[in-house]
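Each remark here refers to the structure printed beneath this line.
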Amino acid sequence: MTTKAWSPAQIVLTLLAAAVSTVFLAPFAWALFTSLKSETEAVEVPPHWLPEDVTGQAWQALFEAGTLTNWFVNSVVVSVCVTAVVLLVGALAGYGFARTEFRGKNLLLGLVMTGLMISPAVLGVPLFTTVQQMGMVDTYWGMILPQCAPAAMVYILYKFFQGLPRELEEAAFIDGAGRWRVFFTIVLPLSRPSLAAVGIFTFIASWNNFLWPYMVTNNPDLMTMPNGIATVMNSYGIQWAQLMAGGLMAGLPLIIVFVFFQRQIVAGVAHTGLAGQ
């Protein structure tokens with residue numbers, strides 16, 4: 001069996017892909033190698049990639065300096081709860097806008113879409129004031145609920161539901177199924193690629209959210225990973241090896257999510273039509 005020779009175009013594209021991959025992987029490799037250096041070696045000038053003496057001091061110090069396990073659990077709890085609420089609210093709202101007619105629908109949809117044009121940082125002060133008046137500062141609810149206004153996710157699911165064939169739902173209505181049964185037994189199973197994409201995007205955004213948890217909690221036991229690691233760095237100065245180890249620890253769940261769910265991300269983007277937006 002003879003192997004077909006590569007065409008010049010395939011060679012160029014392969015080299016280009018390798019170059020792009022190297023650019024994206026270089027920061028990860030630098031962070032990993034730096035986390036395995038001593039603090040003295042990490043700040044040497046000129047810098048060098050590989051550690052001369054491999055050590056786990058930075059990782060050990062990171063675990064000893066703060067309640068890393070609590071921060072990790074807090075990030076998981078907050079991100080999972082935010083994702084679940086956004087999926088529920090986004091699916092119900094998107095389906096309602098796509099399939100029901102009511103007075104003021106276009107106005108209400110326009111109000112929801114204005115959320116796409118407003119930066120979350122602009123809403124920080126009024127949101128904090130509201131959360132403070134409700135007594136939810138330094139609580140899980142204070143970190144979770146303000147992140148559950150999913151204008152972008154409602155739009156994604158709204159566009160997907162618009163593309164579903166109405167004949168499937170009409171056939172179910174003729175057989176006597178109600179709106180809720182149609183939604184849960186027909187619409188949601190058909191929406192799994194889009195729901196998976198929305199869930200992954202929401203989880204990543206919530207996990208990486210630094211500003212809001214930083215504003216709403218001062219309790220070290222309730223801090224998320226980004227806030228907790230930043231607190232350790234501020235307390236002990238810039239320890240570059242520890243900083244790289246903390247960044248890798250905080251980013252590890254996101255890497256795992258992407259590796260195992262990259263097909264769902266691509267399928268969700270393709271099904272919602274975002275690739276052409």
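Identifiers in the structure tokens: chain A, B, ... in order shown; residue index from 1 per chain; ligand index from 1 in order shown.
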Just want the 10 Å neighbourhood of stretch 191-206 of chain A, counted on only C-alpha atoms, with same-chain residues fewer than 5 positions away dropped. Output as a PyMOL selection string.
chain A and resi 75-76+78-88+90-91+143-144+147-148+150+152-154+156-157+160-161+164+186+212-213+251+253-255+257-258+261-273
Skip A:Ala241 itself and residues of its chain fewer than 4 positions away, then list as a PyMOL selection string all residues within 6 Å of it, counting only C-alpha atoms.
chain A and resi 34-35+39+58
For all heavy atoms, I'd like the residues from the last selection saved as a tab-separated table (two decimals), in the first residue's frame.
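In the end it all went to out_36.tsv:
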chain	number	residue	atom	x	y	z
A	34	THR	N	7.99	27.23	34.86
A	34	THR	CA	8.27	28.20	35.92
A	34	THR	C	7.77	27.71	37.27
A	34	THR	O	8.41	27.93	38.30
A	34	THR	CB	7.62	29.55	35.59
A	34	THR	OG1	8.09	30.01	34.32
A	34	THR	CG2	7.95	30.60	36.65
A	35	SER	N	6.63	27.01	37.28
A	35	SER	CA	6.09	26.51	38.54
A	35	SER	C	6.97	25.43	39.15
A	35	SER	O	6.86	25.14	40.35
A	35	SER	CB	4.68	25.95	38.33
A	35	SER	OG	4.71	24.76	37.55
A	39	GLU	N	11.87	30.03	43.62
A	39	GLU	CA	11.56	31.44	43.42
A	39	GLU	C	12.79	32.22	42.95
A	39	GLU	O	12.68	33.16	42.16
A	39	GLU	CB	11.01	32.04	44.71
A	39	GLU	CG	9.64	31.50	45.13
A	39	GLU	CD	8.56	31.86	44.14
A	39	GLU	OE1	8.75	32.77	43.32
A	39	GLU	OE2	7.48	31.22	44.19
A	58	ALA	N	6.92	25.51	44.94
A	58	ALA	CA	5.84	26.46	44.64
A	58	ALA	C	4.47	25.82	44.86
A	58	ALA	O	3.57	26.44	45.45
A	58	ALA	CB	5.98	26.96	43.21
Filtered DSSP result for stretch 1-243 of chain A, state alpha helix (DSSP H), as an MDAnalysis selection string
chainID A and resid 8:35 39:42 57:65 68:99 105:113 124:133 140:144 151:163 166:174 179:182 188:190 192:208 211:216 225:236 240:243
Interatomic distance between atom CA of A:Glu169 and atom CA of A:Tyr95?
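Value for the atom CA of A:Glu169-atom CA of A:Tyr95 distance: 12.1 Å.
The space between atom CA of A:Met225 and atom CA of A:Asn74 spans 7.7 Å.
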